[in-house]
Every structure is written in structure tokens, then in C-alpha cells.
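Before any comments, here is the structure.
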Amino acid sequence: MVMPEFKKFNAELLAISVDNIWSHLAFAKDRKLNFPVLSDFEPKGNISRKFGAYKEKIGESARALFVLDDKGIVRWSHLSPDGVNPGAEGILSALEQLNKPQA
Amino acid sequence: MATTTATRHSRRPSKTLLEATGKEAESYEPPKLVVPVDPSRDHVQGDSKAILTLVEYGDYQCPFCGAAYPEVKKVQKELGSKLRFVFRNFPLTNVHEFAMVAAETSEAAGVQGKFWEMHDFLYEHQRTLGDYSVALAHAKKLGLDTQKFEREISQHVYQKRIKDDFIGGVRSGVNGTPTFYVNGVRHDGPAEADAIVKSLTAKP
């Protein structure tokens, strides 16, 4: 039910991790995900690194959120501790701010 | 409009990940409940003016909420009149096909003064959520006007309220079910009685 909230801002949700597409397919099916899951598998972590969200030691993407504007510019980001699911609150606030008429 | 890559609009301070390669956030603050408890709207169990407040965002079909249900009972027993407990709906409708109708069932009972009776029944009978006749029989047993009860559920009278609960939860940082707020702050620890009591009674 949170997806319609993103759509109100004309925002698309993309997920990314270093797992391969077969793992992604199984995960997406199991969790009934209704958004694309991208695979940062080869070269491993290439995209995550570019976002500063790669954990070299364990070879995984960090639990990070980014809001990009229509030009592909990062307007908001958030890094959550590994054990904590960040929720969607920050994303919605960022989208609201982006959509505010600018002075 | 500024166009630097570092521009952020979060109300909470957060790091720019583009500069901080893979480091943990230095200071982590759990999100806060942005929809204050309103006894005129919320389902509140216990003294509405109690000094401690536990808010749960829950889904009736979620097994973790089912597991947390007796834990909440333990917390209530331990803290007695010091605690008020609030339940808000957070049905994960894309994975739990009966979560919405179960939430509607509890609300339809609630408007006739039997919210907690139905809430408890649903969590104690999670396996039969798909069989509507079970909840209906319980509504009868509770002495509800079942005609009104059935009509309101089939007409989705409470769906807007349930969605409002959900959106309020999202805005407060609900990140799954159950999500608890202890005295207005998200409880990131385990959904177990000891951890919740500790969190509720911790000195700020």
C-alpha cells in the first residue's frame, strides 16, 4: 500500500543488491515484490561503490536509500545500520521537499 | 533549485553517502511516531492518561504479529495501570490476502464497542482468517448487530480509516509488522516482552 504514495510523486522504486538475478527472482517471487530488483553482480558492487554504499569487508551493498530527481541527481540519501530496516518515511519527506514549489 | 549532488532535504541529519564510502551512520536515532495518540480516534487499552505508551502497528495475518500478541499481554500484565496500549492497522495487503478484511472486521466490531475482543480473537485464530464465518460467529457471540457488522465489512466502510493508519505508520517509519513505538519512539529491539518493558521504562 505504500507504492501508491510514491506514485503520487511520479516516483519509481528500484532496488539493487550484489546478488545475482536468479537469487533476485526467487526473492521477488517469495516476497511478492512489485518493483524491479537490479543485480549489481558483475562487476560485483560496481554501482553500489559509485553510490558510496558498498561494504568492502563483507562484499555486500549497504542498507542505503537514495532519492534521485528527474535529472538523475541524488537529492536525498540515508544510510541505515545493517540490522535496521529504514522504512519509507525519509523517502516520502524527500519527495515532498522535491515537489515543493521553489522560491 | 540547487543542483549539487549533496543537497538533501531530510528533517533528520543524514550523511551524504556519495562522500562517505560504506561507513555506518555515526549517530543513529530511531524514527519518532508522527501521529500522536488520540484517544478519541485510536483504540486504547488501559488508562488513556497512563504515563507509559506502547503503540503497535500490526497486521492480523502476519505471523510475527501473532507471535508478538502474547508478548504484549505480558507487557500489559507487568506494567498494569502505568501503561496504555494502542493498536493501529498496518495490513501488508500484497503478501497477506486476508489482512485487510481482518482489519475491517476488527474495526466493524470496534464501532460496536468490541474492538479488543475481536482483536484478541483474530490473533488467537490466525489460521482461520480465510474463513469469514469464524469471525462472524464470534461477532454473534459478542452480541454484535451482525447485520450492521456484515454490511459495513462488505461495503468497506472502514477501509479509509485503515489506510489512514497505514499511511501514518509509513510516515512514522514503520518498517514491517509488527512495529512498536515506546513512548513515541520506534522500538528497534526484539518484539519480546522483556525488551519492550525495558525500553518503555528506560529513563530518557
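Note on naming: chains are A, B, ... as they come in the C-alpha cells, residues start from 1 per chain, ligands start from 1 in the order shown.
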Per residue of range 40-63 of chain A within 8 Å of range 10-34 of chain A, record the nearest atom pair and its distance in Å to one decimal, counting only C-alpha atoms, with rows in chain order and ascending residue number, as a Markdown table.
| residue | atom | partner | partner_atom | distance |
| --- | --- | --- | --- | --- |
| A:Asp40 | CA | A:Val18 | CA | 4.4 |
| A:Phe41 | CA | A:Val18 | CA | 4.7 |
| A:Lys44 | CA | A:Val18 | CA | 6.2 |
| A:Gly45 | CA | A:Val18 | CA | 5.8 |
| A:Ser48 | CA | A:Ser17 | CA | 7.7 |
| A:Glu60 | CA | A:Val18 | CA | 6.2 |
| A:Ser61 | CA | A:Ser17 | CA | 5.7 |
Specify as JSON, numbers by chain all residues of chain A found within 7 Å of chain B, counting only C-alpha atoms.
{"A": [1, 31, 32, 51, 52, 53, 54, 55, 62, 73, 74, 75, 76, 77, 78, 79, 80, 81, 85, 86, 87, 88, 89, 90, 93, 94, 97, 102]}
With N, CA and C atoms retained, write the just-selected residues as a PDB file, in the first residue's frame.
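Saved the output as again33.pdb:
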ATOM      1  N   MET A   1       0.820  -1.223   0.000  1.00  0.00           N
ATOM      2  CA  MET A   1       0.000   0.000   0.000  1.00  0.00           C
ATOM      3  C   MET A   1       0.849   1.266   0.000  1.00  0.00           C
ATOM      4  N   ARG A  31       8.634 -12.731  -1.834  1.00  0.00           N
ATOM      5  CA  ARG A  31       8.112 -11.559  -1.124  1.00  0.00           C
ATOM      6  C   ARG A  31       7.049 -10.820  -1.929  1.00  0.00           C
ATOM      7  N   LYS A  32       6.704 -11.351  -3.076  1.00  0.00           N
ATOM      8  CA  LYS A  32       5.714 -10.716  -3.963  1.00  0.00           C
ATOM      9  C   LYS A  32       6.065  -9.235  -4.206  1.00  0.00           C
ATOM     10  N   PHE A  51      27.791   4.751  -5.514  1.00  0.00           N
ATOM     11  CA  PHE A  51      26.896   5.457  -4.598  1.00  0.00           C
ATOM     12  C   PHE A  51      27.476   5.523  -3.187  1.00  0.00           C
ATOM     13  N   GLY A  52      28.693   5.029  -3.029  1.00  0.00           N
ATOM     14  CA  GLY A  52      29.288   5.032  -1.695  1.00  0.00           C
ATOM     15  C   GLY A  52      28.570   4.102  -0.750  1.00  0.00           C
ATOM     16  N   ALA A  53      27.949   3.069  -1.298  1.00  0.00           N
ATOM     17  CA  ALA A  53      27.123   2.199  -0.462  1.00  0.00           C
ATOM     18  C   ALA A  53      27.553   0.736  -0.591  1.00  0.00           C
ATOM     19  N   TYR A  54      28.871   0.533  -0.682  1.00  0.00           N
ATOM     20  CA  TYR A  54      29.360  -0.840  -0.773  1.00  0.00           C
ATOM     21  C   TYR A  54      30.190  -1.150   0.461  1.00  0.00           C
ATOM     22  N   LYS A  55      29.940  -2.287   1.052  1.00  0.00           N
ATOM     23  CA  LYS A  55      30.693  -2.681   2.239  1.00  0.00           C
ATOM     24  C   LYS A  55      31.777  -3.661   1.809  1.00  0.00           C
ATOM     25  N   ALA A  62      25.347  -1.713   1.145  1.00  0.00           N
ATOM     26  CA  ALA A  62      24.884  -1.203   2.433  1.00  0.00           C
ATOM     27  C   ALA A  62      23.378  -0.987   2.380  1.00  0.00           C
ATOM     28  N   ILE A  73      19.996  13.315 -10.430  1.00  0.00           N
ATOM     29  CA  ILE A  73      20.844  13.861  -9.361  1.00  0.00           C
ATOM     30  C   ILE A  73      20.319  13.387  -7.997  1.00  0.00           C
ATOM     31  N   VAL A  74      21.256  12.941  -7.159  1.00  0.00           N
ATOM     32  CA  VAL A  74      20.867  12.474  -5.824  1.00  0.00           C
ATOM     33  C   VAL A  74      20.439  13.668  -4.985  1.00  0.00           C
ATOM     34  N   ARG A  75      19.184  13.647  -4.546  1.00  0.00           N
ATOM     35  CA  ARG A  75      18.662  14.763  -3.761  1.00  0.00           C
ATOM     36  C   ARG A  75      18.564  14.424  -2.278  1.00  0.00           C
ATOM     37  N   TRP A  76      18.611  13.166  -1.990  1.00  0.00           N
ATOM     38  CA  TRP A  76      18.496  12.761  -0.579  1.00  0.00           C
ATOM     39  C   TRP A  76      19.094  11.372  -0.453  1.00  0.00           C
ATOM     40  N   SER A  77      19.735  11.119   0.668  1.00  0.00           N
ATOM     41  CA  SER A  77      20.235   9.768   0.897  1.00  0.00           C
ATOM     42  C   SER A  77      20.211   9.457   2.377  1.00  0.00           C
ATOM     43  N   HIS A  78      20.188   8.204   2.666  1.00  0.00           N
ATOM     44  CA  HIS A  78      20.126   7.770   4.066  1.00  0.00           C
ATOM     45  C   HIS A  78      20.813   6.415   4.195  1.00  0.00           C
ATOM     46  N   LEU A  79      21.667   6.317   5.199  1.00  0.00           N
ATOM     47  CA  LEU A  79      22.346   5.050   5.463  1.00  0.00           C
ATOM     48  C   LEU A  79      21.835   4.499   6.788  1.00  0.00           C
ATOM     49  N   SER A  80      21.302   3.303   6.726  1.00  0.00           N
ATOM     50  CA  SER A  80      20.725   2.690   7.919  1.00  0.00           C
ATOM     51  C   SER A  80      21.706   1.661   8.479  1.00  0.00           C
ATOM     52  N   PRO A  81      21.719   1.486   9.813  1.00  0.00           N
ATOM     53  CA  PRO A  81      22.540   0.384  10.344  1.00  0.00           C
ATOM     54  C   PRO A  81      22.087  -0.936   9.711  1.00  0.00           C
ATOM     55  N   ASN A  85      15.824  -1.983   9.297  1.00  0.00           N
ATOM     56  CA  ASN A  85      15.108  -1.646   8.078  1.00  0.00           C
ATOM     57  C   ASN A  85      14.671  -0.187   8.191  1.00  0.00           C
ATOM     58  N   PRO A  86      15.076   0.678   7.252  1.00  0.00           N
ATOM     59  CA  PRO A  86      14.838   2.114   7.439  1.00  0.00           C
ATOM     60  C   PRO A  86      13.386   2.552   7.271  1.00  0.00           C
ATOM     61  N   GLY A  87      12.537   1.743   6.641  1.00  0.00           N
ATOM     62  CA  GLY A  87      11.174   2.223   6.396  1.00  0.00           C
ATOM     63  C   GLY A  87      11.168   3.257   5.278  1.00  0.00           C
ATOM     64  N   ALA A  88       9.997   3.805   4.983  1.00  0.00           N
ATOM     65  CA  ALA A  88       9.857   4.666   3.804  1.00  0.00           C
ATOM     66  C   ALA A  88       9.662   6.132   4.145  1.00  0.00           C
ATOM     67  N   GLU A  89       9.697   6.441   5.433  1.00  0.00           N
ATOM     68  CA  GLU A  89       9.352   7.805   5.856  1.00  0.00           C
ATOM     69  C   GLU A  89      10.268   8.850   5.228  1.00  0.00           C
ATOM     70  N   GLY A  90      11.586   8.590   5.282  1.00  0.00           N
ATOM     71  CA  GLY A  90      12.542   9.552   4.751  1.00  0.00           C
ATOM     72  C   GLY A  90      12.360   9.803   3.264  1.00  0.00           C
ATOM     73  N   SER A  93       9.307  12.109   2.735  1.00  0.00           N
ATOM     74  CA  SER A  93       9.631  13.502   3.097  1.00  0.00           C
ATOM     75  C   SER A  93      10.499  14.139   2.022  1.00  0.00           C
ATOM     76  N   ALA A  94      11.465  13.365   1.511  1.00  0.00           N
ATOM     77  CA  ALA A  94      12.354  13.890   0.474  1.00  0.00           C
ATOM     78  C   ALA A  94      11.569  14.196  -0.797  1.00  0.00           C
ATOM     79  N   GLN A  97       9.636  17.396  -0.340  1.00  0.00           N
ATOM     80  CA  GLN A  97      10.505  18.568  -0.450  1.00  0.00           C
ATOM     81  C   GLN A  97      10.834  18.861  -1.915  1.00  0.00           C
ATOM     82  N   GLN A 102       9.639  25.970  -5.732  1.00  0.00           N
ATOM     83  CA  GLN A 102      10.848  26.649  -5.270  1.00  0.00           C
ATOM     84  C   GLN A 102      10.698  28.148  -5.427  1.00  0.00           C
TER      85      GLN A 102
END
Could you pull out all residues of range 40-170 of chain B with a DSSP call of strand (DSSP E or B) and give them as a list in words?
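Matching residues for strand (DSSP E or B) in range 40-170 of chain B are His43, Val44, Gln45, Leu52, Thr53, Leu54, Val55, Glu56, Tyr57, Gly58, Leu83, Arg84, Phe85, Val86, Phe87, Arg88 and Asn89 of chain B.
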So that I can see what lies close to Gly110 in chain B, please list as a PDB file with N, CA and C atoms, in the first residue's frame the residues with an atom at most 9 Å from it, counting only C-alpha atoms and leaving out residues fewer than 6 positions away in the same chain.
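As written to disk, selection_16.pdb reads:
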ATOM      1  N   HIS B  43      -7.671   3.124  19.163  1.00  0.00           N
ATOM      2  CA  HIS B  43      -8.088   2.065  20.070  1.00  0.00           C
ATOM      3  C   HIS B  43      -7.060   2.012  21.196  1.00  0.00           C
ATOM      4  N   TRP B 116     -11.387  -4.686  21.115  1.00  0.00           N
ATOM      5  CA  TRP B 116     -10.327  -5.518  21.700  1.00  0.00           C
ATOM      6  C   TRP B 116     -10.731  -6.979  21.746  1.00  0.00           C
ATOM      7  N   GLU B 117     -12.015  -7.230  21.933  1.00  0.00           N
ATOM      8  CA  GLU B 117     -12.478  -8.619  21.927  1.00  0.00           C
ATOM      9  C   GLU B 117     -12.215  -9.252  20.571  1.00  0.00           C
ATOM     10  N   MET B 118     -12.500  -8.484  19.504  1.00  0.00           N
ATOM     11  CA  MET B 118     -12.289  -9.026  18.156  1.00  0.00           C
ATOM     12  C   MET B 118     -10.800  -9.073  17.824  1.00  0.00           C
ATOM     13  N   HIS B 119     -10.078  -8.057  18.214  1.00  0.00           N
ATOM     14  CA  HIS B 119      -8.623  -8.002  18.015  1.00  0.00           C
ATOM     15  C   HIS B 119      -7.971  -9.266  18.610  1.00  0.00           C
TER      16      HIS B 119
END
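Checking A:Val37, A:Val67, A:Glu56, A:Val84 one by one against Glu96 in chain A, counting only C-alpha atoms, you find the shortest gap at A:Val67.
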Using DSSP assignments from the backbone, pull out every residue in range 6-185 of chain B that falls under helix (DSSP H, G or I) and give it to me as a PDB file with C-alpha atoms, in the first residue's frame.
ATOM      1  CA  PRO B  63       2.890 -14.492  11.879  1.00  0.00           C
ATOM      2  CA  PHE B  64       5.319 -12.180  13.682  1.00  0.00           C
ATOM      3  CA  CYS B  65       2.376 -10.141  14.972  1.00  0.00           C
ATOM      4  CA  GLY B  66       0.769 -13.379  16.096  1.00  0.00           C
ATOM      5  CA  ALA B  67       3.959 -14.207  17.978  1.00  0.00           C
ATOM      6  CA  ALA B  68       4.111 -10.702  19.482  1.00  0.00           C
ATOM      7  CA  TYR B  69       0.485 -10.825  20.653  1.00  0.00           C
ATOM      8  CA  PRO B  70       1.166 -12.796  23.877  1.00  0.00           C
ATOM      9  CA  GLU B  71       4.273 -10.672  24.449  1.00  0.00           C
ATOM     10  CA  VAL B  72       2.140  -7.525  24.517  1.00  0.00           C
ATOM     11  CA  LYS B  73      -0.180  -9.225  27.001  1.00  0.00           C
ATOM     12  CA  LYS B  74       2.837  -9.913  29.222  1.00  0.00           C
ATOM     13  CA  VAL B  75       3.944  -6.286  28.982  1.00  0.00           C
ATOM     14  CA  GLN B  76       0.458  -5.115  29.938  1.00  0.00           C
ATOM     15  CA  LYS B  77       0.338  -7.501  32.879  1.00  0.00           C
ATOM     16  CA  GLU B  78       3.711  -6.364  34.133  1.00  0.00           C
ATOM     17  CA  LEU B  79       3.140  -2.631  33.844  1.00  0.00           C
ATOM     18  CA  GLY B  80      -0.544  -2.590  34.774  1.00  0.00           C
ATOM     19  CA  SER B  81      -2.124   0.847  35.103  1.00  0.00           C
ATOM     20  CA  LYS B  82       1.120   2.600  34.185  1.00  0.00           C
ATOM     21  CA  ALA B  99      -5.122  -8.816   6.288  1.00  0.00           C
ATOM     22  CA  MET B 100      -7.449  -6.082   5.042  1.00  0.00           C
ATOM     23  CA  VAL B 101     -10.696  -7.906   5.711  1.00  0.00           C
ATOM     24  CA  ALA B 102      -9.412  -8.888   9.148  1.00  0.00           C
ATOM     25  CA  ALA B 103      -8.641  -5.247   9.909  1.00  0.00           C
ATOM     26  CA  GLU B 104     -12.115  -4.287   8.660  1.00  0.00           C
ATOM     27  CA  THR B 105     -13.586  -6.989  10.900  1.00  0.00           C
ATOM     28  CA  SER B 106     -11.898  -5.561  13.984  1.00  0.00           C
ATOM     29  CA  GLU B 107     -12.986  -2.042  13.113  1.00  0.00           C
ATOM     30  CA  ALA B 108     -16.569  -3.129  12.483  1.00  0.00           C
ATOM     31  CA  ALA B 109     -16.563  -4.767  15.918  1.00  0.00           C
ATOM     32  CA  GLY B 110     -14.871  -1.688  17.340  1.00  0.00           C
ATOM     33  CA  PHE B 115     -12.673  -3.797  19.245  1.00  0.00           C
ATOM     34  CA  TRP B 116     -10.327  -5.518  21.700  1.00  0.00           C
ATOM     35  CA  GLU B 117     -12.478  -8.619  21.927  1.00  0.00           C
ATOM     36  CA  MET B 118     -12.289  -9.026  18.156  1.00  0.00           C
ATOM     37  CA  HIS B 119      -8.623  -8.002  18.015  1.00  0.00           C
ATOM     38  CA  ASP B 120      -7.728 -10.720  20.511  1.00  0.00           C
ATOM     39  CA  PHE B 121      -9.925 -13.288  18.797  1.00  0.00           C
ATOM     40  CA  LEU B 122      -8.305 -12.633  15.403  1.00  0.00           C
ATOM     41  CA  TYR B 123      -4.807 -13.052  16.804  1.00  0.00           C
ATOM     42  CA  GLU B 124      -5.846 -16.186  18.645  1.00  0.00           C
ATOM     43  CA  GLN B 126      -4.906 -16.518  12.788  1.00  0.00           C
ATOM     44  CA  ARG B 127      -5.209 -19.825  10.961  1.00  0.00           C
ATOM     45  CA  THR B 128      -8.900 -19.362  10.315  1.00  0.00           C
ATOM     46  CA  TYR B 132     -15.108 -15.417   7.253  1.00  0.00           C
ATOM     47  CA  SER B 133     -17.789 -17.450   9.044  1.00  0.00           C
ATOM     48  CA  VAL B 134     -15.466 -17.898  12.048  1.00  0.00           C
ATOM     49  CA  ALA B 135     -15.237 -14.164  12.754  1.00  0.00           C
ATOM     50  CA  LEU B 136     -18.942 -13.783  12.059  1.00  0.00           C
ATOM     51  CA  ALA B 137     -19.784 -16.478  14.595  1.00  0.00           C
ATOM     52  CA  HIS B 138     -17.607 -14.685  17.108  1.00  0.00           C
ATOM     53  CA  ALA B 139     -19.355 -11.386  16.353  1.00  0.00           C
ATOM     54  CA  LYS B 140     -22.639 -13.127  17.141  1.00  0.00           C
ATOM     55  CA  LYS B 141     -21.178 -14.479  20.350  1.00  0.00           C
ATOM     56  CA  THR B 146     -24.322  -8.821  12.834  1.00  0.00           C
ATOM     57  CA  GLN B 147     -26.392  -7.291  10.045  1.00  0.00           C
ATOM     58  CA  LYS B 148     -24.678  -3.951  10.534  1.00  0.00           C
ATOM     59  CA  PHE B 149     -21.348  -5.723  11.092  1.00  0.00           C
ATOM     60  CA  GLU B 150     -21.573  -7.670   7.826  1.00  0.00           C
ATOM     61  CA  ARG B 151     -22.852  -4.727   5.839  1.00  0.00           C
ATOM     62  CA  GLU B 152     -20.030  -2.459   6.983  1.00  0.00           C
ATOM     63  CA  ILE B 153     -17.386  -5.027   6.130  1.00  0.00           C
ATOM     64  CA  SER B 154     -18.788  -5.759   2.687  1.00  0.00           C
ATOM     65  CA  GLN B 159     -11.055   0.957   4.678  1.00  0.00           C
ATOM     66  CA  LYS B 160     -10.258   4.651   4.639  1.00  0.00           C
ATOM     67  CA  ARG B 161      -9.528   4.625   8.362  1.00  0.00           C
ATOM     68  CA  ILE B 162      -7.304   1.572   7.935  1.00  0.00           C
ATOM     69  CA  LYS B 163      -5.425   3.226   5.073  1.00  0.00           C
ATOM     70  CA  ASP B 164      -5.019   6.368   7.183  1.00  0.00           C
ATOM     71  CA  ASP B 165      -3.497   4.207   9.917  1.00  0.00           C
ATOM     72  CA  PHE B 166      -1.178   2.689   7.327  1.00  0.00           C
ATOM     73  CA  ILE B 167      -0.004   5.980   5.853  1.00  0.00           C
ATOM     74  CA  GLY B 168       0.507   7.452   9.323  1.00  0.00           C
ATOM     75  CA  GLY B 169       2.605   4.403  10.090  1.00  0.00           C
ATOM     76  CA  VAL B 170       4.701   4.830   6.974  1.00  0.00           C
ATOM     77  CA  ARG B 171       5.301   8.464   7.905  1.00  0.00           C
TER      78      ARG B 171
END
Show me, as a list in words, the residues that have an atom within 12 Å of Ser199 in chain B when counting only C-alpha atoms, minus same-chain residues fewer than 4 positions from it.
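Once the nearby chain positions are removed, what remains is Leu52, Thr53, Leu54, Val75, Phe180, Tyr181, Val182, Asn183, Gly184, Val185, Arg186, His187, Asp188, Gly189, Pro190, Ala191, Glu192, Ala193, Asp194, Ala195, Lys203 and Pro204 of chain B.
Across the model, the gap from CA of Leu33 in chain B to CA of Phe6 in chain A is 20.4 Å.
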